[in-house]
Amino acid sequence: MLAAYAVHVENTRGRRFPEPSHAYRNDFQRDRDRVIHSRAFRRLEAKTQVFTRRYSDHFRNRLTHTIEVAQISRTIAGALGLNVDLVEALALVHDIGHPPFGHSGEKALDAAMRSHGLCFDHNLHALRIVEDFEQRYAAFRGLNLTFEVREGIIKHSHTYNAPDHPELAEYLLGRRPPLEAQLIDLTDEIAYNTADLDDGYEAHLLSLEEIRAGVPVFGQFLSDVEKIYPDAPDKLKFNEALKRVLDRFVSDLITNTQMRAKQAGIQTLDDVRDHAERLAAFTLEVEAERKQAKTFLYKSLYFSPALASEKDDAERVVSDLFSFWIKNSSTLPHYYQDKAKEESLPRVICDYIAGMTDHFILEQHSKYFGCSN
Ligand code: MG
């Protein structure tokens, strides 16, 4: 049952290049499938989320994180009567513009671009991937995704203002995105906050007591679990508490978004788009809990001494290669040398690096800088 304020696929604003409809897949299902079959999607498997492979093969990478975001998003969208096909396409594409080495890679690439008066933004990069870099069809460049998926790539987590981004004018920058896109940002938060606690605990970088103290909502659930399963191993107590946190965040997002839509008198998709603020939101109480978890993760995991050297290495590899190719553009692959005749060299190098997997960029670094990795 699709809510009246959901995106209805028959009302899509369509594709840049019109295509005949498919016999048994609707447009958003086809977009989801196009994302899954893209090269950029497959490369997510070899890109760091938080932990590199040095720790363990069973920690999240950017692909498994993406699949978890898709799973959580489908549940929430279904409960809210939103378009699950669109939500799934948006979730699967949401991190496709990320460079190698997680946040460190992004930071280093942005810093390198800023030294040339430019910048790197993973959402804008994702749009370039699906509009231009993916080449699968003879009739057009890119994946020719529907307007709603492209709009969601741009608007799910960030508000770009129209004067600074004339190139994005078609994406209705002054209006809110549909609820399907609004959800993705919050689902992403739920997915990585819980997953990073899990991987951090498993990596022995976070102890049960540290998490109990730093993330009070987890601590409360852990106390409940200890009463129900006093003899269970710590890891299982941890799992039981963490899944209760995840469930609390998801349930809160569903019920609070429903309530906000009702209170605002939202009836149609236009009402969602014209509302003064985003409607998808946690209650203030859960928002505070989410922030506590995030603050704890920053302090105790992302900026922990244990991960510092890996982050420094990642930043060095990106900035070394960027500078190297600025000075030695003839060593770039021919495809990128040709592109540099039409676009600025820093942008072309940035596109090249952003597309790389962790493995490939390390290989490039060894090739030009020796085996210092
Ligand atoms: Mg993400």
# chains A, B, ... in the order shown; residues from 1 in each chain; ligands from 1

$ closest_atom_pairs --of "segment 267-300 of chain A" --to "segment 190-204 of chain A" --cutoff "9 Å" --atoms "only C-alpha atoms" --output "JSON lines"
{"residue": "A:Arg290", "atom": "CA", "partner": "A:Asn193", "partner_atom": "CA", "distance": 7.9}
{"residue": "A:Ala293", "atom": "CA", "partner": "A:Asn193", "partner_atom": "CA", "distance": 6.7}
{"residue": "A:Lys294", "atom": "CA", "partner": "A:Asn193", "partner_atom": "CA", "distance": 6.3}
{"residue": "A:Leu297", "atom": "CA", "partner": "A:Leu197", "partner_atom": "CA", "distance": 7.3}

$ write_last_selection --atoms "all heavy atoms" --output "PDB file, in the first residue's frame"
ATOM      1  N   ARG A 290      21.433   9.290  19.252  1.00  0.00           N
ATOM      2  CA  ARG A 290      22.216   9.078  18.022  1.00  0.00           C
ATOM      3  C   ARG A 290      23.488   9.926  18.062  1.00  0.00           C
ATOM      4  O   ARG A 290      24.572   9.454  17.737  1.00  0.00           O
ATOM      5  CB  ARG A 290      21.369   9.453  16.802  1.00  0.00           C
ATOM      6  CG  ARG A 290      22.067   9.248  15.467  1.00  0.00           C
ATOM      7  CD  ARG A 290      21.350   9.958  14.344  1.00  0.00           C
ATOM      8  NE  ARG A 290      21.404  11.403  14.456  1.00  0.00           N
ATOM      9  CZ  ARG A 290      22.465  12.148  14.150  1.00  0.00           C
ATOM     10  NH1 ARG A 290      23.572  11.584  13.719  1.00  0.00           N
ATOM     11  NH2 ARG A 290      22.426  13.468  14.289  1.00  0.00           N
ATOM     12  N   ALA A 293      26.058   8.469  20.392  1.00  0.00           N
ATOM     13  CA  ALA A 293      26.749   7.321  19.779  1.00  0.00           C
ATOM     14  C   ALA A 293      27.797   7.816  18.780  1.00  0.00           C
ATOM     15  O   ALA A 293      28.932   7.322  18.743  1.00  0.00           O
ATOM     16  CB  ALA A 293      25.737   6.404  19.096  1.00  0.00           C
ATOM     17  N   LYS A 294      27.415   8.794  17.996  1.00  0.00           N
ATOM     18  CA  LYS A 294      28.314   9.314  16.972  1.00  0.00           C
ATOM     19  C   LYS A 294      29.538   9.997  17.607  1.00  0.00           C
ATOM     20  O   LYS A 294      30.674   9.775  17.181  1.00  0.00           O
ATOM     21  CB  LYS A 294      27.542  10.299  16.097  1.00  0.00           C
ATOM     22  CG  LYS A 294      28.252  10.682  14.831  1.00  0.00           C
ATOM     23  CD  LYS A 294      27.283  11.363  13.878  1.00  0.00           C
ATOM     24  CE  LYS A 294      28.011  11.880  12.659  1.00  0.00           C
ATOM     25  NZ  LYS A 294      27.105  12.112  11.534  1.00  0.00           N
ATOM     26  N   LEU A 297      31.846   7.425  18.894  1.00  0.00           N
ATOM     27  CA  LEU A 297      32.598   6.758  17.822  1.00  0.00           C
ATOM     28  C   LEU A 297      33.731   7.635  17.297  1.00  0.00           C
ATOM     29  O   LEU A 297      34.831   7.150  17.036  1.00  0.00           O
ATOM     30  CB  LEU A 297      31.661   6.361  16.676  1.00  0.00           C
ATOM     31  CG  LEU A 297      30.828   5.108  16.948  1.00  0.00           C
ATOM     32  CD1 LEU A 297      29.686   4.982  15.952  1.00  0.00           C
ATOM     33  CD2 LEU A 297      31.708   3.858  16.895  1.00  0.00           C
TER      34      LEU A 297
END

$ closest_atom_pairs --of "chain A" --to "ligand 1" --cutoff "8 Å" --atoms "only C-alpha atoms and all ligand atoms" --output "tab-separated table"
residue	atom	partner	partner_atom_place_in_ligand_line	distance
A:Arg62	CA	ligand 1	1 (Mg)	7.5
A:His65	CA	ligand 1	1 (Mg)	6.7
A:Thr66	CA	ligand 1	1 (Mg)	6.3
A:Val69	CA	ligand 1	1 (Mg)	7.2
A:His94	CA	ligand 1	1 (Mg)	6.3
A:Asp95	CA	ligand 1	1 (Mg)	5.3
A:Asp185	CA	ligand 1	1 (Mg)	7.9
A:Asp188	CA	ligand 1	1 (Mg)	5.1
A:Glu189	CA	ligand 1	1 (Mg)	7.6
A:Ala191	CA	ligand 1	1 (Mg)	8.0
A:Tyr192	CA	ligand 1	1 (Mg)	7.1

$ atom_distance --atom1 "atom CA of Asp247 of chain A" --atom2 "atom CA of Phe282 of chain A"
12.7 Å

$ closest_residue --among "A:His122, A:Arg176, A:Arg60, A:Arg25" --to "Arg273 of chain A" --atoms "only C-alpha atoms"
A:Arg176

$ residues_around --residues "His275 of chain A" --least-positions-apart "2" --cutoff "12 Å" --atoms "only C-alpha atoms" --output "PDB file with N, CA and C atoms, in the first residue's frame"
ATOM      1  N   GLY A 174      15.370  24.400  -4.386  1.00  0.00           N
ATOM      2  CA  GLY A 174      14.624  25.142  -3.365  1.00  0.00           C
ATOM      3  C   GLY A 174      13.555  24.304  -2.677  1.00  0.00           C
ATOM      4  N   ARG A 175      13.302  23.110  -3.201  1.00  0.00           N
ATOM      5  CA  ARG A 175      12.243  22.269  -2.622  1.00  0.00           C
ATOM      6  C   ARG A 175      12.874  21.070  -1.914  1.00  0.00           C
ATOM      7  N   ARG A 176      12.117  20.509  -0.976  1.00  0.00           N
ATOM      8  CA  ARG A 176      12.602  19.357  -0.235  1.00  0.00           C
ATOM      9  C   ARG A 176      12.571  18.119  -1.150  1.00  0.00           C
ATOM     10  N   PRO A 177      13.474  17.153  -0.924  1.00  0.00           N
ATOM     11  CA  PRO A 177      13.369  15.899  -1.686  1.00  0.00           C
ATOM     12  C   PRO A 177      12.216  15.048  -1.160  1.00  0.00           C
ATOM     13  N   PRO A 178      11.748  14.074  -1.918  1.00  0.00           N
ATOM     14  CA  PRO A 178      10.710  13.163  -1.429  1.00  0.00           C
ATOM     15  C   PRO A 178      11.167  12.439  -0.161  1.00  0.00           C
ATOM     16  N   LEU A 179      10.224  11.906   0.585  1.00  0.00           N
ATOM     17  CA  LEU A 179      10.565  11.172   1.818  1.00  0.00           C
ATOM     18  C   LEU A 179      11.508  10.003   1.532  1.00  0.00           C
ATOM     19  N   ARG A 260       5.038  13.426  12.261  1.00  0.00           N
ATOM     20  CA  ARG A 260       5.351  14.756  11.717  1.00  0.00           C
ATOM     21  C   ARG A 260       4.565  15.017  10.427  1.00  0.00           C
ATOM     22  N   ALA A 261       4.435  13.976   9.598  1.00  0.00           N
ATOM     23  CA  ALA A 261       3.668  14.135   8.348  1.00  0.00           C
ATOM     24  C   ALA A 261       2.207  14.423   8.671  1.00  0.00           C
ATOM     25  N   GLN A 263       0.951  15.702  11.558  1.00  0.00           N
ATOM     26  CA  GLN A 263       0.810  17.025  12.184  1.00  0.00           C
ATOM     27  C   GLN A 263       0.921  18.158  11.175  1.00  0.00           C
ATOM     28  N   ALA A 264       1.745  17.948  10.143  1.00  0.00           N
ATOM     29  CA  ALA A 264       1.927  19.000   9.132  1.00  0.00           C
ATOM     30  C   ALA A 264       0.819  18.950   8.077  1.00  0.00           C
ATOM     31  N   GLY A 265      -0.088  17.983   8.215  1.00  0.00           N
ATOM     32  CA  GLY A 265      -1.190  17.865   7.254  1.00  0.00           C
ATOM     33  C   GLY A 265      -0.728  17.475   5.860  1.00  0.00           C
ATOM     34  N   ILE A 266       0.337  16.660   5.806  1.00  0.00           N
ATOM     35  CA  ILE A 266       0.899  16.259   4.514  1.00  0.00           C
ATOM     36  C   ILE A 266      -0.026  15.246   3.826  1.00  0.00           C
ATOM     37  N   GLN A 267      -0.423  15.574   2.623  1.00  0.00           N
ATOM     38  CA  GLN A 267      -1.293  14.672   1.856  1.00  0.00           C
ATOM     39  C   GLN A 267      -0.588  14.133   0.609  1.00  0.00           C
ATOM     40  N   THR A 268       0.134  15.001  -0.053  1.00  0.00           N
ATOM     41  CA  THR A 268       0.669  14.640  -1.367  1.00  0.00           C
ATOM     42  C   THR A 268       2.194  14.807  -1.400  1.00  0.00           C
ATOM     43  N   LEU A 269       2.786  14.325  -2.490  1.00  0.00           N
ATOM     44  CA  LEU A 269       4.227  14.497  -2.689  1.00  0.00           C
ATOM     45  C   LEU A 269       4.580  15.984  -2.777  1.00  0.00           C
ATOM     46  N   ASP A 270       3.714  16.776  -3.391  1.00  0.00           N
ATOM     47  CA  ASP A 270       3.974  18.224  -3.449  1.00  0.00           C
ATOM     48  C   ASP A 270       4.005  18.833  -2.053  1.00  0.00           C
ATOM     49  N   ASP A 271       3.147  18.337  -1.160  1.00  0.00           N
ATOM     50  CA  ASP A 271       3.182  18.826   0.229  1.00  0.00           C
ATOM     51  C   ASP A 271       4.545  18.531   0.864  1.00  0.00           C
ATOM     52  N   VAL A 272       5.060  17.332   0.608  1.00  0.00           N
ATOM     53  CA  VAL A 272       6.381  16.956   1.144  1.00  0.00           C
ATOM     54  C   VAL A 272       7.435  17.908   0.586  1.00  0.00           C
ATOM     55  N   ARG A 273       7.385  18.132  -0.710  1.00  0.00           N
ATOM     56  CA  ARG A 273       8.379  18.978  -1.377  1.00  0.00           C
ATOM     57  C   ARG A 273       8.300  20.437  -0.927  1.00  0.00           C
ATOM     58  N   GLU A 277      10.630  22.217   6.145  1.00  0.00           N
ATOM     59  CA  GLU A 277      11.786  21.420   6.566  1.00  0.00           C
ATOM     60  C   GLU A 277      11.574  19.958   6.203  1.00  0.00           C
ATOM     61  N   ARG A 278      12.625  19.176   6.400  1.00  0.00           N
ATOM     62  CA  ARG A 278      12.500  17.743   6.128  1.00  0.00           C
ATOM     63  C   ARG A 278      11.563  17.112   7.150  1.00  0.00           C
ATOM     64  N   LEU A 279      10.786  16.157   6.704  1.00  0.00           N
ATOM     65  CA  LEU A 279       9.819  15.503   7.597  1.00  0.00           C
ATOM     66  C   LEU A 279      10.395  14.242   8.224  1.00  0.00           C
ATOM     67  N   ALA A 280      11.304  13.590   7.536  1.00  0.00           N
ATOM     68  CA  ALA A 280      11.915  12.378   8.089  1.00  0.00           C
ATOM     69  C   ALA A 280      12.854  12.802   9.219  1.00  0.00           C
TER      70      ALA A 280
END

$ select_by_dssp --residues "segment 92-267 of chain A" --states "helix (DSSP H, G or I)" --output "ChimeraX atom specification"
/A:92-93,102-114,122-133,147-155,162-164,166-171,179-202,208-214,216-228,234-263

$ write_last_selection --atoms "C-alpha atoms" --output "short mmCIF file (atom, residue, chain, number, x, y, z; two decimals), in the first residue's frame"
data_model
loop_
_atom_site.label_atom_id
_atom_site.label_comp_id
_atom_site.auth_asym_id
_atom_site.auth_seq_id
_atom_site.Cartn_x
_atom_site.Cartn_y
_atom_site.Cartn_z
CA LEU A 92 22.36 1.18 -3.24
CA VAL A 93 23.71 4.26 -5.03
CA GLY A 102 36.94 6.02 3.56
CA HIS A 103 36.86 9.43 5.17
CA SER A 104 40.66 9.90 5.03
CA GLY A 105 40.67 9.47 1.26
CA GLU A 106 37.86 11.94 0.89
CA LYS A 107 39.60 14.49 3.10
CA ALA A 108 42.92 14.19 1.25
CA LEU A 109 41.28 14.40 -2.16
CA ASP A 110 39.31 17.47 -1.15
CA ALA A 111 42.45 19.12 0.28
CA ALA A 112 44.36 18.41 -2.95
CA MET A 113 41.55 19.92 -5.01
CA ARG A 114 41.31 22.99 -2.76
CA HIS A 122 31.11 12.63 -3.08
CA ASN A 123 27.47 13.33 -3.95
CA LEU A 124 28.42 15.47 -6.95
CA HIS A 125 30.93 12.81 -7.92
CA ALA A 126 28.24 10.11 -7.69
CA LEU A 127 26.10 12.12 -10.09
CA ARG A 128 29.01 12.33 -12.54
CA ILE A 129 29.46 8.55 -12.31
CA VAL A 130 25.86 7.73 -13.17
CA GLU A 131 25.50 10.51 -15.74
CA ASP A 132 28.80 10.19 -17.53
CA PHE A 133 31.47 7.73 -16.41
CA PHE A 147 14.98 12.05 -12.37
CA GLU A 148 13.97 10.89 -8.87
CA VAL A 149 17.08 8.74 -8.43
CA ARG A 150 19.41 11.49 -9.69
CA GLU A 151 17.64 14.02 -7.49
CA GLY A 152 18.03 11.70 -4.50
CA ILE A 153 21.77 11.30 -5.15
CA ILE A 154 22.15 15.07 -4.90
CA LYS A 155 19.67 15.82 -2.15
CA ALA A 162 20.96 27.29 -6.17
CA PRO A 163 23.26 30.34 -6.65
CA ASP A 164 26.40 28.23 -5.99
CA PRO A 166 23.63 26.52 -11.37
CA GLU A 167 24.51 23.13 -12.91
CA LEU A 168 22.05 21.47 -10.51
CA ALA A 169 19.12 23.79 -11.31
CA GLU A 170 16.99 20.94 -12.71
CA TYR A 171 16.95 19.22 -9.30
CA LEU A 179 10.57 11.17 1.82
CA GLU A 180 12.23 8.26 0.00
CA ALA A 181 15.40 10.37 -0.33
CA GLN A 182 15.08 12.05 3.07
CA LEU A 183 15.16 8.64 4.73
CA ILE A 184 18.48 7.59 3.26
CA ASP A 185 20.60 10.02 5.24
CA LEU A 186 19.11 8.89 8.55
CA THR A 187 19.20 5.22 7.63
CA ASP A 188 22.86 5.65 6.73
CA GLU A 189 23.41 7.07 10.24
CA ILE A 190 21.61 4.14 11.87
CA ALA A 191 23.55 1.64 9.78
CA TYR A 192 27.05 2.96 10.35
CA ASN A 193 26.64 3.99 13.98
CA THR A 194 25.54 0.48 14.93
CA ALA A 195 27.90 -1.30 12.53
CA ASP A 196 30.94 0.67 13.66
CA LEU A 197 30.21 -0.17 17.29
CA ASP A 198 30.02 -3.80 16.20
CA ASP A 199 33.26 -3.80 14.20
CA GLY A 200 35.03 -1.65 16.81
CA TYR A 201 34.07 -4.12 19.53
CA GLU A 202 35.04 -7.09 17.41
CA LEU A 208 31.94 -3.46 26.46
CA GLU A 209 32.46 -1.14 29.43
CA GLU A 210 33.66 1.74 27.26
CA ILE A 211 30.61 1.44 25.04
CA ARG A 212 28.32 1.11 28.07
CA ALA A 213 29.71 4.35 29.48
CA GLY A 214 29.95 6.27 26.20
CA PRO A 216 24.02 5.33 27.45
CA VAL A 217 21.18 3.92 25.31
CA PHE A 218 23.37 0.87 24.63
CA GLY A 219 24.19 0.67 28.35
CA GLN A 220 20.52 0.55 29.30
CA PHE A 221 19.78 -2.25 26.86
CA LEU A 222 22.89 -4.12 27.99
CA SER A 223 21.62 -4.04 31.59
CA ASP A 224 18.28 -5.48 30.40
CA VAL A 225 20.08 -8.20 28.45
CA GLU A 226 22.31 -9.08 31.43
CA LYS A 227 19.17 -9.74 33.47
CA ILE A 228 17.58 -11.94 30.78
CA ASP A 234 29.83 -11.14 26.30
CA LYS A 235 29.73 -11.05 22.50
CA LEU A 236 26.16 -12.34 22.47
CA LYS A 237 25.14 -9.88 25.18
CA PHE A 238 26.72 -7.20 23.03
CA ASN A 239 24.78 -8.38 19.95
CA GLU A 240 21.48 -8.48 21.86
CA ALA A 241 21.99 -4.94 23.19
CA LEU A 242 23.10 -3.56 19.83
CA LYS A 243 20.15 -4.99 17.92
CA ARG A 244 17.85 -3.35 20.48
CA VAL A 245 19.55 0.00 19.79
CA LEU A 246 19.10 -0.50 16.05
CA ASP A 247 15.48 -1.45 16.48
CA ARG A 248 14.84 1.55 18.73
CA PHE A 249 16.34 3.97 16.17
CA VAL A 250 14.40 2.40 13.28
CA SER A 251 11.07 2.32 15.15
CA ASP A 252 11.53 5.89 16.31
CA LEU A 253 12.27 7.10 12.79
CA ILE A 254 9.14 5.35 11.47
CA THR A 255 6.72 6.56 14.11
CA ASN A 256 8.12 10.08 14.40
CA THR A 257 8.16 10.63 10.63
CA GLN A 258 4.57 9.38 10.45
CA MET A 259 3.58 11.76 13.23
CA ARG A 260 5.35 14.76 11.72
CA ALA A 261 3.67 14.14 8.35
CA LYS A 262 0.29 13.90 10.08
CA GLN A 263 0.81 17.03 12.18
#

$ closest_residue --among "A:Gln337, A:Gln135, A:Gln49, A:Val215" --to "Lys299 of chain A" --atoms "only C-alpha atoms"
A:Val215

$ residues_around --residues "segment 349-358 of chain A" --least-positions-apart "5" --cutoff "10 Å" --atoms "only C-alpha atoms" --output "NGL selection string"
:A and (39-40 or 42-48 or 52-53 or 96-102 or 105-106 or 109-110 or 112-113 or 119-120 or 122 or 125-126 or 128-129 or 133 or 314 or 318 or 321-326 or 329 or 332-333 or 335-337 or 339-340 or 344 or 363-364)

$ closest_residue --among "A:Val50, A:Ile76, A:Leu173, A:Asp312" --to "Tyr298 of chain A" --atoms "only C-alpha atoms"
A:Val50

$ atom_distance --atom1 "atom CA of Glu134 of chain A" --atom2 "atom CA of Ser38 of chain A"
6.9 Å

$ closest_residue --among "A:His365, A:Thr283, A:Pro346, A:Val35" --to "Glu315 of chain A" --atoms "only C-alpha atoms"
A:His365

$ residues_around --residues "Ala3 of chain A" --least-positions-apart "4" --cutoff "10 Å" --atoms "only C-alpha atoms" --output "PyMOL selection string"
chain A and resi 7-8+78+80-83+267-269

$ write_last_selection --atoms "all heavy atoms" --output "PDB file, in the first residue's frame"
ATOM      1  N   VAL A   7       6.400   8.613  -3.633  1.00  0.00           N
ATOM      2  CA  VAL A   7       6.633   8.805  -5.060  1.00  0.00           C
ATOM      3  C   VAL A   7       5.980   7.633  -5.793  1.00  0.00           C
ATOM      4  O   VAL A   7       6.281   6.475  -5.501  1.00  0.00           O
ATOM      5  CB  VAL A   7       8.147   8.840  -5.385  1.00  0.00           C
ATOM      6  CG1 VAL A   7       8.366   8.954  -6.892  1.00  0.00           C
ATOM      7  CG2 VAL A   7       8.824   9.992  -4.659  1.00  0.00           C
ATOM      8  N   HIS A   8       5.072   7.933  -6.708  1.00  0.00           N
ATOM      9  CA  HIS A   8       4.407   6.885  -7.483  1.00  0.00           C
ATOM     10  C   HIS A   8       5.137   6.766  -8.820  1.00  0.00           C
ATOM     11  O   HIS A   8       5.315   7.760  -9.521  1.00  0.00           O
ATOM     12  CB  HIS A   8       2.933   7.238  -7.675  1.00  0.00           C
ATOM     13  CG  HIS A   8       2.155   7.163  -6.391  1.00  0.00           C
ATOM     14  ND1 HIS A   8       1.095   6.301  -6.202  1.00  0.00           N
ATOM     15  CD2 HIS A   8       2.312   7.828  -5.211  1.00  0.00           C
ATOM     16  CE1 HIS A   8       0.624   6.437  -4.961  1.00  0.00           C
ATOM     17  NE2 HIS A   8       1.342   7.358  -4.345  1.00  0.00           N
ATOM     18  N   GLY A  78       8.815   0.489   3.755  1.00  0.00           N
ATOM     19  CA  GLY A  78       7.627  -0.361   3.731  1.00  0.00           C
ATOM     20  C   GLY A  78       6.652   0.039   4.826  1.00  0.00           C
ATOM     21  O   GLY A  78       5.450   0.167   4.597  1.00  0.00           O
ATOM     22  N   LEU A  80       6.329   2.885   6.225  1.00  0.00           N
ATOM     23  CA  LEU A  80       5.774   4.236   5.997  1.00  0.00           C
ATOM     24  C   LEU A  80       4.936   4.318   4.722  1.00  0.00           C
ATOM     25  O   LEU A  80       4.415   5.381   4.388  1.00  0.00           O
ATOM     26  CB  LEU A  80       6.914   5.262   5.910  1.00  0.00           C
ATOM     27  CG  LEU A  80       7.615   5.619   7.226  1.00  0.00           C
ATOM     28  CD1 LEU A  80       8.845   6.485   6.953  1.00  0.00           C
ATOM     29  CD2 LEU A  80       6.650   6.351   8.155  1.00  0.00           C
ATOM     30  N   GLY A  81       4.807   3.210   3.998  1.00  0.00           N
ATOM     31  CA  GLY A  81       4.039   3.236   2.752  1.00  0.00           C
ATOM     32  C   GLY A  81       4.737   4.014   1.646  1.00  0.00           C
ATOM     33  O   GLY A  81       4.102   4.565   0.751  1.00  0.00           O
ATOM     34  N   LEU A  82       6.076   4.058   1.716  1.00  0.00           N
ATOM     35  CA  LEU A  82       6.830   4.769   0.676  1.00  0.00           C
ATOM     36  C   LEU A  82       7.203   3.811  -0.450  1.00  0.00           C
ATOM     37  O   LEU A  82       6.994   2.594  -0.349  1.00  0.00           O
ATOM     38  CB  LEU A  82       8.095   5.386   1.295  1.00  0.00           C
ATOM     39  CG  LEU A  82       7.825   6.430   2.381  1.00  0.00           C
ATOM     40  CD1 LEU A  82       9.122   6.895   3.019  1.00  0.00           C
ATOM     41  CD2 LEU A  82       7.049   7.625   1.814  1.00  0.00           C
ATOM     42  N   ASN A  83       7.786   4.356  -1.489  1.00  0.00           N
ATOM     43  CA  ASN A  83       8.130   3.547  -2.650  1.00  0.00           C
ATOM     44  C   ASN A  83       9.425   2.762  -2.377  1.00  0.00           C
ATOM     45  O   ASN A  83      10.524   3.314  -2.431  1.00  0.00           O
ATOM     46  CB  ASN A  83       8.289   4.452  -3.878  1.00  0.00           C
ATOM     47  CG  ASN A  83       8.337   3.638  -5.147  1.00  0.00           C
ATOM     48  OD1 ASN A  83       9.074   2.648  -5.231  1.00  0.00           O
ATOM     49  ND2 ASN A  83       7.560   4.024  -6.128  1.00  0.00           N
ATOM     50  N   GLN A 267      -0.423  15.574   2.623  1.00  0.00           N
ATOM     51  CA  GLN A 267      -1.293  14.672   1.856  1.00  0.00           C
ATOM     52  C   GLN A 267      -0.588  14.133   0.609  1.00  0.00           C
ATOM     53  O   GLN A 267      -0.744  12.967   0.273  1.00  0.00           O
ATOM     54  CB  GLN A 267      -2.552  15.431   1.374  1.00  0.00           C
ATOM     55  CG  GLN A 267      -3.395  16.050   2.483  1.00  0.00           C
ATOM     56  CD  GLN A 267      -4.263  15.016   3.179  1.00  0.00           C
ATOM     57  OE1 GLN A 267      -4.495  13.942   2.628  1.00  0.00           O
ATOM     58  NE2 GLN A 267      -4.730  15.324   4.372  1.00  0.00           N
ATOM     59  N   THR A 268       0.134  15.001  -0.053  1.00  0.00           N
ATOM     60  CA  THR A 268       0.669  14.640  -1.367  1.00  0.00           C
ATOM     61  C   THR A 268       2.194  14.807  -1.400  1.00  0.00           C
ATOM     62  O   THR A 268       2.786  15.399  -0.494  1.00  0.00           O
ATOM     63  CB  THR A 268       0.094  15.569  -2.458  1.00  0.00           C
ATOM     64  OG1 THR A 268       0.587  16.903  -2.197  1.00  0.00           O
ATOM     65  CG2 THR A 268      -1.426  15.574  -2.452  1.00  0.00           C
ATOM     66  N   LEU A 269       2.786  14.325  -2.490  1.00  0.00           N
ATOM     67  CA  LEU A 269       4.227  14.497  -2.689  1.00  0.00           C
ATOM     68  C   LEU A 269       4.580  15.984  -2.777  1.00  0.00           C
ATOM     69  O   LEU A 269       5.616  16.412  -2.261  1.00  0.00           O
ATOM     70  CB  LEU A 269       4.655  13.755  -3.969  1.00  0.00           C
ATOM     71  CG  LEU A 269       6.122  13.898  -4.387  1.00  0.00           C
ATOM     72  CD1 LEU A 269       7.070  13.458  -3.275  1.00  0.00           C
ATOM     73  CD2 LEU A 269       6.391  13.094  -5.654  1.00  0.00           C
TER      74      LEU A 269
END
